[in-house]
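Text of work14.tsv, listed as TSV, C-alpha atoms:
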chain	number	residue	atom	x	y	z
P	1	MET	CA	0.82	-26.78	9.73
P	2	ASN	CA	3.65	-28.14	11.83
P	3	LEU	CA	6.23	-25.70	13.10
P	4	VAL	CA	7.64	-27.96	15.82
P	5	SER	CA	8.32	-31.13	13.86
P	6	PRO	CA	11.58	-32.73	14.95
P	7	GLU	CA	12.06	-34.10	11.43
P	8	ILE	CA	11.11	-31.17	9.19
P	9	PRO	CA	11.29	-28.01	11.32
P	10	GLY	CA	9.46	-24.96	10.07
P	11	LEU	CA	7.50	-26.93	7.49
P	12	VAL	CA	4.27	-25.28	6.37
P	13	TRP	CA	3.69	-27.63	3.44
P	14	ALA	CA	5.59	-29.61	0.84
P	15	TYR	CA	4.41	-31.03	-2.50
P	16	ARG	CA	6.05	-33.38	-4.96
P	17	PHE	CA	5.22	-33.02	-8.64
P	18	LEU	CA	5.65	-36.20	-10.65
P	19	PRO	CA	6.32	-36.25	-14.40
P	20	GLY	CA	3.17	-36.76	-16.47
P	21	GLU	CA	0.84	-36.54	-13.46
P	22	SER	CA	-2.01	-34.00	-13.24
P	23	GLN	CA	-2.06	-34.17	-9.45
P	24	CYS	CA	0.73	-33.38	-7.01
P	25	VAL	CA	1.49	-35.41	-3.90
P	26	ARG	CA	1.52	-33.70	-0.53
P	27	ILE	CA	4.29	-34.70	1.86
P	28	ALA	CA	3.00	-35.12	5.40
P	29	ALA	CA	4.42	-32.89	8.12
P	30	ASP	CA	5.42	-35.90	10.21
P	31	SER	CA	7.35	-37.52	7.36
P	32	SER	CA	11.08	-38.07	7.63
P	33	ILE	CA	13.48	-35.60	6.12
P	34	ASP	CA	14.49	-38.25	3.59
P	35	SER	CA	11.07	-37.88	1.96
P	36	LEU	CA	12.16	-34.43	0.80
P	37	THR	CA	15.33	-35.61	-0.92
P	38	GLU	CA	14.13	-38.93	-2.35
P	39	GLY	CA	11.69	-39.58	-5.13
P	40	GLU	CA	11.11	-38.58	-8.73
P	41	GLY	CA	9.94	-35.27	-10.07
P	42	TRP	CA	10.51	-31.95	-8.40
P	43	LEU	CA	9.58	-30.47	-5.03
P	44	TRP	CA	7.88	-27.36	-3.69
P	45	LEU	CA	8.90	-26.69	-0.09
P	46	HIS	CA	7.22	-23.86	1.82
P	47	LEU	CA	8.74	-22.97	5.21
P	48	ALA	CA	8.10	-20.54	8.05
P	49	LEU	CA	10.91	-18.27	9.18
P	50	SER	CA	9.34	-18.07	12.64
P	51	ASP	CA	11.14	-21.36	13.35
P	52	ALA	CA	14.83	-20.69	14.01
P	53	ARG	CA	15.73	-24.16	12.68
P	54	THR	CA	14.49	-23.40	9.16
P	55	PRO	CA	17.85	-22.15	7.75
P	56	GLY	CA	19.56	-25.30	8.98
P	57	LEU	CA	16.94	-27.46	7.27
P	58	ILE	CA	17.46	-25.70	3.94
P	59	GLU	CA	21.22	-26.19	4.15
P	60	ARG	CA	20.74	-29.87	4.94
P	61	ILE	CA	18.46	-30.76	2.03
P	62	THR	CA	19.90	-28.51	-0.71
P	63	ASP	CA	23.23	-27.45	-2.15
P	64	LEU	CA	22.23	-23.86	-2.81
P	65	PRO	CA	24.97	-21.20	-2.75
P	66	GLN	CA	25.36	-19.19	0.42
P	67	VAL	CA	23.88	-16.03	-1.09
P	68	ALA	CA	20.66	-17.87	-1.95
P	69	LEU	CA	20.53	-19.43	1.53
P	70	SER	CA	20.92	-15.97	3.05
P	71	THR	CA	18.03	-14.68	0.96
P	72	LEU	CA	15.75	-17.52	2.01
P	73	SER	CA	16.48	-16.97	5.70
P	74	SER	CA	16.52	-13.17	5.69
P	75	HIS	CA	13.84	-10.72	6.80
P	76	ASP	CA	14.47	-8.28	3.95
P	77	THR	CA	11.65	-5.90	3.04
P	78	GLN	CA	12.83	-5.02	-0.46
P	79	ALA	CA	11.85	-6.78	-3.67
P	80	ALA	CA	14.71	-8.61	-5.37
P	81	VAL	CA	15.15	-11.03	-8.28
P	82	THR	CA	18.61	-12.46	-8.96
P	83	VAL	CA	19.70	-14.93	-11.65
P	84	ALA	CA	22.85	-16.97	-11.07
P	85	ASP	CA	24.15	-20.50	-11.66
P	86	ASP	CA	21.02	-21.84	-13.39
P	87	MET	CA	18.80	-20.66	-10.55
P	88	VAL	CA	16.60	-17.72	-9.65
P	89	TYR	CA	16.22	-16.40	-6.12
P	90	GLY	CA	15.04	-13.27	-4.40
P	91	THR	CA	12.16	-11.64	-2.54
P	92	LEU	CA	8.62	-10.96	-3.76
P	93	VAL	CA	6.01	-8.66	-2.30
P	94	ASP	CA	2.64	-10.06	-1.16
P	95	PHE	CA	-0.13	-9.31	1.33
P	96	GLU	CA	-0.41	-10.76	4.79
P	97	ARG	CA	-3.51	-12.54	6.00
P	98	THR	CA	-4.92	-13.58	9.36
P	99	PHE	CA	-6.76	-16.74	10.22
P	100	ASP	CA	-10.17	-15.22	9.52
P	101	ALA	CA	-9.52	-12.22	7.28
P	102	VAL	CA	-7.31	-10.77	4.58
P	103	THR	CA	-5.42	-7.55	5.13
P	104	LYS	CA	-3.76	-4.79	3.14
P	105	THR	CA	-0.54	-5.17	5.08
P	106	ILE	CA	2.39	-5.82	2.76
P	107	GLY	CA	4.31	-9.02	3.44
P	108	TRP	CA	7.39	-10.63	1.90
P	109	LEU	CA	7.98	-13.99	0.26
P	110	HIS	CA	11.55	-15.26	-0.20
P	111	PHE	CA	12.14	-17.83	-2.92
P	112	ALA	CA	14.76	-19.91	-4.72
P	113	VAL	CA	14.04	-21.79	-7.96
P	114	THR	CA	16.23	-24.46	-9.54
P	115	GLU	CA	15.55	-27.26	-12.02
P	116	LYS	CA	14.53	-29.68	-9.24
P	117	ILE	CA	13.11	-27.63	-6.39
P	118	ILE	CA	11.40	-24.39	-5.50
P	119	ILE	CA	11.74	-23.22	-1.91
P	120	THR	CA	9.61	-20.42	-0.50
P	121	THR	CA	9.86	-18.93	2.98
P	122	ARG	CA	7.85	-16.28	4.81
P	123	LEU	CA	7.56	-14.80	8.29
P	124	HIS	CA	3.77	-14.25	8.31
P	125	PRO	CA	1.00	-16.06	6.41
P	126	LEU	CA	0.51	-14.58	2.95
P	127	ARG	CA	-2.59	-14.26	0.82
P	128	SER	CA	-1.42	-15.12	-2.68
P	129	ILE	CA	0.68	-18.15	-1.86
P	130	ASP	CA	-2.24	-19.78	-0.04
P	131	ARG	CA	-4.32	-19.36	-3.19
P	132	VAL	CA	-1.60	-20.99	-5.28
P	133	LYS	CA	-1.58	-23.92	-2.86
P	134	THR	CA	-5.35	-24.31	-3.27
P	135	ALA	CA	-5.04	-24.12	-7.06
P	136	ILE	CA	-2.37	-26.81	-7.40
P	137	GLU	CA	-4.27	-29.15	-5.09
P	138	LYS	CA	-7.20	-28.97	-7.52
P	139	ASN	CA	-5.12	-29.17	-10.70
P	140	ALA	CA	-1.33	-29.33	-10.72
P	141	ARG	CA	-0.75	-27.56	-14.04
P	142	CYS	CA	2.93	-26.95	-13.28
P	143	THR	CA	5.45	-29.13	-15.05
P	144	ARG	CA	8.53	-27.24	-13.87
P	145	PRO	CA	9.47	-25.24	-10.76
P	146	ILE	CA	9.65	-22.09	-12.89
P	147	ASP	CA	5.98	-22.60	-13.81
P	148	LEU	CA	5.08	-22.53	-10.13
P	149	PHE	CA	7.11	-19.33	-9.72
P	150	GLU	CA	5.05	-17.82	-12.52
P	151	MET	CA	1.85	-18.90	-10.76
P	152	LEU	CA	3.00	-17.16	-7.58
P	153	VAL	CA	3.58	-13.85	-9.34
P	154	MET	CA	0.37	-14.18	-11.38
P	155	GLU	CA	-1.65	-14.79	-8.23
P	156	PHE	CA	-0.07	-11.72	-6.67
P	157	GLN	CA	-1.13	-9.78	-9.76
P	158	ARG	CA	-4.71	-11.05	-9.38
P	159	THR	CA	-4.64	-10.06	-5.72
P	160	LEU	CA	-3.44	-6.61	-6.76
P	161	ILE	CA	-6.31	-6.26	-9.22
P	162	THR	CA	-8.78	-7.14	-6.46
P	163	LEU	CA	-7.13	-4.65	-4.13
P	164	VAL	CA	-7.16	-1.92	-6.79
P	165	LEU	CA	-10.91	-2.47	-7.26
P	166	GLU	CA	-11.44	-2.23	-3.49
P	167	LEU	CA	-9.39	0.95	-3.25
P	168	THR	CA	-11.22	2.39	-6.27
P	169	GLU	CA	-14.56	1.86	-4.55
P	170	GLU	CA	-13.26	3.56	-1.41
P	171	LEU	CA	-11.90	6.41	-3.50
P	172	ASN	CA	-15.23	6.79	-5.31
P	173	VAL	CA	-17.05	7.19	-2.00
P	174	ILE	CA	-14.53	9.75	-0.77
P	175	GLU	CA	-14.66	11.56	-4.09
P	176	ASP	CA	-18.44	11.85	-3.97
P	177	ASP	CA	-18.22	13.33	-0.50
P	178	VAL	CA	-15.35	15.67	-1.32
P	179	TYR	CA	-17.41	17.50	-3.90
P	180	GLY	CA	-20.17	17.86	-1.37
P	181	GLU	CA	-20.27	20.37	1.44
P	182	GLN	CA	-18.35	18.37	4.05
P	183	GLY	CA	-15.70	16.76	1.83
P	184	HIS	CA	-12.74	17.94	3.87
P	185	ASN	CA	-13.88	15.73	6.75
P	186	HIS	CA	-12.78	12.68	4.73
P	187	GLN	CA	-9.14	13.64	4.52
P	188	PRO	CA	-8.09	11.18	7.29
P	189	GLY	CA	-9.67	8.31	5.31
P	190	LEU	CA	-7.73	9.30	2.19
P	191	ALA	CA	-4.30	9.21	3.82
P	192	PRO	CA	-4.02	5.39	4.29
P	193	LEU	CA	-5.38	4.85	0.78
P	194	ARG	CA	-2.72	7.13	-0.69
P	195	ARG	CA	-0.04	5.45	1.42
P	196	THR	CA	-1.07	1.99	0.16
P	197	ALA	CA	-1.12	3.13	-3.48
P	198	VAL	CA	2.29	4.79	-3.22
P	199	ARG	CA	3.90	1.74	-1.61
P	200	LEU	CA	2.36	-0.64	-4.16
P	201	HIS	CA	3.53	1.50	-7.07
P	202	ARG	CA	7.05	1.68	-5.64
P	203	HIS	CA	7.32	-2.09	-5.12
P	204	LEU	CA	5.77	-2.85	-8.51
P	205	ARG	CA	8.21	-0.59	-10.33
P	206	THR	CA	11.09	-2.24	-8.50
P	207	LEU	CA	9.84	-5.74	-9.33
P	208	LEU	CA	9.30	-4.81	-12.97
P	209	ALA	CA	12.81	-3.42	-13.28
P	210	LEU	CA	14.27	-6.55	-11.69
P	211	LEU	CA	12.32	-8.92	-13.95
P	212	ARG	CA	13.33	-6.98	-17.05
P	213	ARG	CA	16.95	-6.99	-16.02
P	214	ALA	CA	16.83	-10.72	-15.24
P	215	GLY	CA	15.11	-11.27	-18.59
P	216	THR	CA	18.19	-9.95	-20.38
P	217	SER	CA	20.34	-12.83	-19.06
P	218	GLU	CA	21.76	-15.43	-21.40
P	219	GLU	CA	19.47	-18.42	-21.92
P	220	ASP	CA	22.07	-20.91	-20.71
P	221	GLU	CA	22.47	-18.98	-17.43
P	222	VAL	CA	18.86	-19.32	-16.23
P	223	PRO	CA	16.45	-22.19	-15.62
P	224	VAL	CA	14.73	-23.45	-18.76
P	225	GLY	CA	11.76	-21.27	-19.64
P	226	PHE	CA	12.62	-18.38	-17.32
P	227	LEU	CA	13.10	-15.83	-20.08
P	228	ASP	CA	9.60	-16.45	-21.45
P	229	VAL	CA	8.18	-16.38	-17.93
P	230	ALA	CA	9.93	-13.08	-17.17
P	231	GLU	CA	8.51	-11.51	-20.34
P	232	ARG	CA	4.95	-12.64	-19.60
P	233	LEU	CA	5.13	-11.52	-15.99
P	234	SER	CA	6.54	-8.13	-16.99
P	235	ASP	CA	3.58	-7.54	-19.30
P	236	ARG	CA	1.09	-8.53	-16.61
P	237	LEU	CA	2.69	-6.44	-13.89
P	238	GLU	CA	3.05	-3.46	-16.22
P	239	ALA	CA	-0.70	-3.49	-16.82
P	240	VAL	CA	-1.61	-3.59	-13.13
P	241	ASP	CA	1.05	-1.00	-12.34
P	242	ARG	CA	-0.70	1.43	-14.69
P	243	ASP	CA	-3.91	0.88	-12.74
P	244	VAL	CA	-2.11	1.47	-9.44
P	245	PHE	CA	-0.46	4.61	-10.80
P	246	ALA	CA	-3.83	5.92	-12.04
P	247	LEU	CA	-5.28	5.26	-8.60
P	248	GLN	CA	-2.36	7.07	-7.00
P	249	GLU	CA	-2.90	10.09	-9.27
P	250	ARG	CA	-6.63	10.19	-8.50
P	251	ALA	CA	-5.88	10.11	-4.79
P	252	ARG	CA	-3.31	12.89	-5.19
P	253	LEU	CA	-5.73	15.12	-7.11
P	254	LEU	CA	-8.41	14.41	-4.53
P	255	HIS	CA	-6.00	15.36	-1.77
P	256	GLU	CA	-5.29	18.62	-3.57
P	257	GLU	CA	-9.04	19.27	-3.90
P	258	ILE	CA	-9.50	18.72	-0.18
P	259	ASP	CA	-6.60	21.08	0.55
P	260	SER	CA	-8.17	23.64	-1.77
P	261	LYS	CA	-11.47	23.38	0.08
P	262	LEU	CA	-9.75	23.75	3.41
P	263	SER	CA	-7.86	26.80	2.15
P	264	SER	CA	-11.07	28.35	0.80
P	265	GLU	CA	-12.83	27.76	4.09
P	266	THR	CA	-9.91	29.23	6.02
P	267	ASN	CA	-9.89	32.28	3.74
P	268	ARG	CA	-13.62	32.70	4.21
P	269	HIS	CA	-13.21	32.63	7.98
P	270	LEU	CA	-10.40	35.16	7.77
P	271	TYR	CA	-12.55	37.35	5.53
P	272	ILE	CA	-15.40	37.32	8.05
P	273	LEU	CA	-12.97	38.03	10.87
P	274	SER	CA	-11.49	40.95	8.92
P	275	LEU	CA	-14.96	42.42	8.31
P	276	MET	CA	-15.84	42.12	11.98
P	277	THR	CA	-12.57	43.85	12.86
P	278	ALA	CA	-13.27	46.63	10.37
P	279	PHE	CA	-16.78	47.19	11.73
P	280	LEU	CA	-15.78	47.12	15.37
P	281	LEU	CA	-12.66	49.27	15.09
P	282	PRO	CA	-14.50	52.69	14.89
P	283	PRO	CA	-16.85	51.86	17.82
P	284	THR	CA	-13.79	50.75	19.79
P	285	LEU	CA	-12.16	54.12	19.16
P	286	VAL	CA	-15.36	55.89	20.29
P	287	THR	CA	-15.69	53.87	23.47
P	288	GLY	CA	-11.99	54.28	24.11
P	289	PHE	CA	-12.27	58.02	23.78
P	290	PHE	CA	-15.27	58.34	26.09
P	291	GLY	CA	-13.71	55.95	28.56
P	292	MET	CA	-10.67	58.11	29.18
P	293	ASN	CA	-10.35	59.47	32.71
P	294	THR	CA	-9.47	63.00	31.64
P	295	SER	CA	-10.87	66.37	32.60
P	296	ASN	CA	-13.52	68.23	30.56
P	297	LEU	CA	-14.67	64.99	28.89
P	298	PRO	CA	-17.66	65.74	26.57
P	299	PHE	CA	-21.10	64.68	27.84
P	300	ALA	CA	-19.70	63.87	31.28
P	301	ASP	CA	-22.38	66.13	32.73
P	302	GLY	CA	-26.03	65.84	31.75
P	303	SER	CA	-28.61	63.11	31.36
P	304	HIS	CA	-28.12	62.18	27.69
P	305	GLY	CA	-24.37	61.59	27.43
P	306	THR	CA	-24.63	57.82	27.07
P	307	LEU	CA	-27.24	58.14	24.30
P	308	VAL	CA	-25.08	60.59	22.40
P	309	ALA	CA	-22.06	58.30	22.72
P	310	PHE	CA	-24.17	55.42	21.41
P	311	LEU	CA	-25.18	57.52	18.42
P	312	PHE	CA	-21.53	58.23	17.73
P	313	ILE	CA	-20.90	54.48	17.77
P	314	MET	CA	-23.71	53.81	15.26
P	315	ILE	CA	-22.52	56.63	13.02
P	316	SER	CA	-18.97	55.27	13.05
P	317	MET	CA	-20.18	51.76	12.12
P	318	GLY	CA	-22.27	53.19	9.28
P	319	ALA	CA	-19.29	55.18	8.04
P	320	ALA	CA	-17.10	52.05	8.15
P	321	TRP	CA	-19.70	50.03	6.21
P	322	SER	CA	-20.03	52.77	3.61
P	323	ILE	CA	-16.27	53.00	3.09
P	324	LEU	CA	-15.86	49.19	2.82
P	325	LYS	CA	-18.68	48.98	0.31
P	326	ARG	CA	-17.34	51.87	-1.77
P	327	ILE	CA	-13.89	50.30	-2.13
P	328	GLY	CA	-15.43	46.88	-2.97
P	329	ILE	CA	-14.47	44.82	0.06
P	330	ILE	CA	-18.10	43.91	0.79
So, in terms of structure tokens, how does the structure I just supplied come out?
Amino acid sequence: MNLVSPEIPGLVWAYRFLPGESQCVRIAADSSIDSLTEGEGWLWLHLALSDARTPGLIERITDLPQVALSTLSSHDTQAAVTVADDMVYGTLVDFERTFDAVTKTIGWLHFAVTEKIIITTRLHPLRSIDRVKTAIEKNARCTRPIDLFEMLVMEFQRTLITLVLELTEELNVIEDDVYGEQGHNHQPGLAPLRRTAVRLHRHLRTLLALLRRAGTSEEDEVPVGFLDVAERLSDRLEAVDRDVFALQERARLLHEEIDSKLSSETNRHLYILSLMTAFLLPPTLVTGFFGMNTSNLPFADGSHGTLVAFLFIMISMGAAWSILKRIGII
């Protein structure tokens, strides 16, 4: 990766796909900028938005409309797919990665696809696009830029399936514990899982709606093959969205079960507290009566006053227990 190249600023990688070739050619980071604009075939250019010179590079090597240039250089966090002037551009959702691990943090990939070039930009390294890079280095199955766009979305769908399986395993563990005696203790672990599922479902529904709307465009208004690609991608994303929605519903029901357990435990504690109050109220009245500093208090004189008062306390507790049992509280 070269983010400080004086010739191609912000370049992460670039590949040229030649007609009839099964392998793509990688353009070196220290190549001249002319290597991006010269040559046969079509180009995949992947750039980092962390370099402030990236927007200027895109303007220099392409003739994209201003709205597409703005999309490629923006930091938008909303999915978008727009079809205009024989090109497709917008923003796709993905997952960020670190140098030594993958994460569940949602990231954003900006793209523009024409007949001769596909440009992708991102702020942070992304999981799916790195897998696409590895795949095309082994076998460049793409004959058109729109085919590479389809690979990007398909790889995101595969990543989603993997993530859904991971979240399902986590949910299974929490679910097993919830129906045990200490299930409510796992509520903090359920919250991030629910948050991830809700966000994924929201972004997937948005992306599906955008692809379906773009798929209704006239064939002469979009790159060749885009309508078929949009239909295939819609079917794939619809299937994984159902899995995400099912996961979201399971997490919601599990959250309700935890809340129910917490409410039951709270009610049980209140029930015990109410019983203790009911038992102790009569003895409190007895002790309050004998503790008054008034004249002619019973049993103030003699050697057995305390014992008699204690008997009154026991009798009052027995009477309270008998009344509570008769009316069905205990």
(message) With distances taken over all atoms listed in the file, which residue among P:Asn293, P:Leu167, P:Gly318, P:Met276 lies nearest P:Arg250?
(response) P:Leu167
(request) State, in Å with one decimal place, the distance from atom CA of P:Arg232 to atom CA of P:Asp63. (result) 29.3 Å
What's around stretch 7-14 of chain P at 12 Å? Count all atoms listed in the file, leave out sequence neighbours fewer than 4 positions away in its own chain, and write the answer as a compact mmCIF listing (two decimals) with C-alpha atoms, in the coordinates of the input.
# COMPACT_ATOMS: atom_id res chain seq x y z
CA MET P 1 0.82 -26.78 9.73
CA ASN P 2 3.65 -28.14 11.83
CA LEU P 3 6.23 -25.70 13.10
CA CYS P 24 0.73 -33.38 -7.01
CA VAL P 25 1.49 -35.41 -3.90
CA ARG P 26 1.52 -33.70 -0.53
CA ILE P 27 4.29 -34.70 1.86
CA ALA P 28 3.00 -35.12 5.40
CA ALA P 29 4.42 -32.89 8.12
CA ASP P 30 5.42 -35.90 10.21
CA SER P 31 7.35 -37.52 7.36
CA SER P 32 11.08 -38.07 7.63
CA ILE P 33 13.48 -35.60 6.12
CA ASP P 34 14.49 -38.25 3.59
CA SER P 35 11.07 -37.88 1.96
CA LEU P 36 12.16 -34.43 0.80
CA THR P 37 15.33 -35.61 -0.92
CA TRP P 42 10.51 -31.95 -8.40
CA LEU P 43 9.58 -30.47 -5.03
CA TRP P 44 7.88 -27.36 -3.69
CA LEU P 45 8.90 -26.69 -0.09
CA HIS P 46 7.22 -23.86 1.82
CA LEU P 47 8.74 -22.97 5.21
CA ALA P 48 8.10 -20.54 8.05
CA LEU P 49 10.91 -18.27 9.18
CA SER P 50 9.34 -18.07 12.64
CA ASP P 51 11.14 -21.36 13.35
CA ALA P 52 14.83 -20.69 14.01
CA ARG P 53 15.73 -24.16 12.68
CA THR P 54 14.49 -23.40 9.16
CA PRO P 55 17.85 -22.15 7.75
CA GLY P 56 19.56 -25.30 8.98
CA LEU P 57 16.94 -27.46 7.27
CA ILE P 58 17.46 -25.70 3.94
CA ARG P 60 20.74 -29.87 4.94
CA ILE P 61 18.46 -30.76 2.03
CA SER P 73 16.48 -16.97 5.70
CA ILE P 117 13.11 -27.63 -6.39
CA ILE P 118 11.40 -24.39 -5.50
CA ILE P 119 11.74 -23.22 -1.91
CA THR P 120 9.61 -20.42 -0.50
CA THR P 121 9.86 -18.93 2.98
CA ARG P 122 7.85 -16.28 4.81
CA LEU P 123 7.56 -14.80 8.29
CA HIS P 124 3.77 -14.25 8.31
CA PRO P 125 1.00 -16.06 6.41
CA LEU P 126 0.51 -14.58 2.95
CA ILE P 129 0.68 -18.15 -1.86
CA ASP P 130 -2.24 -19.78 -0.04
CA LYS P 133 -1.58 -23.92 -2.86
CA THR P 134 -5.35 -24.31 -3.27
CA ILE P 136 -2.37 -26.81 -7.40
CA GLU P 137 -4.27 -29.15 -5.09
(request) Tell me which of P:Asp243, P:Ala112, P:Leu307, P:Ser128 sits closest to P:Thr62, counting only C-alpha atoms. (result) P:Ala112
(message) For a test of reading the model, state the distance in Å between atom CA of P:Leu254 and atom CA of P:Glu170, rounded to one decimal.
(response) 12.3 Å
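Of the listed residues P:Asp147, P:Glu231, P:Asp94, P:Asp241, the one whose atoms come nearest to P:Ile161 is P:Asp241, with distances taken using all atoms listed in the file.
The two atoms in question, atom CA of P:Lys104 and atom CA of P:Arg158, are spaced 14.0 Å apart.
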Long-range neighbours of P:Ala80 as an mmCIF file with C-alpha atoms, in the frame of the given file, 10 Å cut-off, only C-alpha atoms, 6 positions minimum in chain:
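Final output, part_5.cif:
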data_model
loop_
_atom_site.group_PDB
_atom_site.id
_atom_site.type_symbol
_atom_site.label_atom_id
_atom_site.label_comp_id
_atom_site.auth_asym_id
_atom_site.auth_seq_id
_atom_site.Cartn_x
_atom_site.Cartn_y
_atom_site.Cartn_z
ATOM 1 C CA THR P 71 18.030 -14.680 0.960
ATOM 2 C CA TYR P 89 16.220 -16.400 -6.120
ATOM 3 C CA GLY P 90 15.040 -13.270 -4.400
ATOM 4 C CA THR P 91 12.160 -11.640 -2.540
ATOM 5 C CA LEU P 92 8.620 -10.960 -3.760
ATOM 6 C CA VAL P 93 6.010 -8.660 -2.300
ATOM 7 C CA HIS P 110 11.550 -15.260 -0.200
ATOM 8 C CA PHE P 111 12.140 -17.830 -2.920
ATOM 9 C CA HIS P 203 7.320 -2.090 -5.120
ATOM 10 C CA THR P 206 11.090 -2.240 -8.500
ATOM 11 C CA LEU P 207 9.840 -5.740 -9.330
ATOM 12 C CA ALA P 209 12.810 -3.420 -13.280
ATOM 13 C CA LEU P 210 14.270 -6.550 -11.690
ATOM 14 C CA LEU P 211 12.320 -8.920 -13.950
#
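Distance check against P:Glu96 using all atoms listed in the file: of P:Leu281, P:Val164, P:Leu109, P:Leu273, the minimum falls on P:Leu109.
Across P:Leu324, P:Val240, P:Ala79, P:Met292, the tightest approach to P:Thr162 is made by P:Val240 when counting only C-alpha atoms.
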(message) Can you pull out the residues contacting P:Pro282? Cut-off 12 Å, using only C-alpha atoms, and skip same-chain residues under 6 positions away; I want them as a count of residues only.
(response) 15
(message) Residues near P:Val83, anyone? I mean within 8 Å using all atoms listed in the file, not counting same-chain ones fewer than 4 positions away, as a VMD selection string.
(response) chain P and resid 87 to 89 214 217 221 to 222
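Remark: for P:Leu171, the closest of the candidate residues P:Asp235, P:Glu59, P:Glu249, P:Asp228 is P:Glu249 (distances computed over only C-alpha atoms).
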(message) Need the shell around P:Glu40: protein/DNA/RNA residues with any atom at most 9 Å away, counting all atoms listed in the file. Skip same-chain ones fewer than 3 positions apart. Format as a VMD selection string?
(response) chain P and resid 16 to 19
Nearby residues, (5.5, -20.9, -10.7) file frame, 10 Å, all atoms listed in the file, as a CSV table (one decimal) with C-alpha atoms, in the coordinates of the input:
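File out-v1.csv, as written:
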chain,number,residue,atom,x,y,z
P,44,TRP,CA,7.9,-27.4,-3.7
P,113,VAL,CA,14.0,-21.8,-8.0
P,118,ILE,CA,11.4,-24.4,-5.5
P,132,VAL,CA,-1.6,-21.0,-5.3
P,141,ARG,CA,-0.8,-27.6,-14.0
P,142,CYS,CA,2.9,-27.0,-13.3
P,143,THR,CA,5.4,-29.1,-15.0
P,144,ARG,CA,8.5,-27.2,-13.9
P,145,PRO,CA,9.5,-25.2,-10.8
P,146,ILE,CA,9.6,-22.1,-12.9
P,147,ASP,CA,6.0,-22.6,-13.8
P,148,LEU,CA,5.1,-22.5,-10.1
P,149,PHE,CA,7.1,-19.3,-9.7
P,150,GLU,CA,5.0,-17.8,-12.5
P,151,MET,CA,1.8,-18.9,-10.8
P,152,LEU,CA,3.0,-17.2,-7.6
P,153,VAL,CA,3.6,-13.8,-9.3
P,154,MET,CA,0.4,-14.2,-11.4
P,155,GLU,CA,-1.6,-14.8,-8.2
P,229,VAL,CA,8.2,-16.4,-17.9
Centre and edges of the stretch 226-239 of chain P box, axis-aligned, 4 Å extra per side, as AutoDock Vina command-line options:
--center_x 6.2 --center_y -10.9 --center_z -17.7 --size_x 21.8 --size_y 22.9 --size_z 15.6
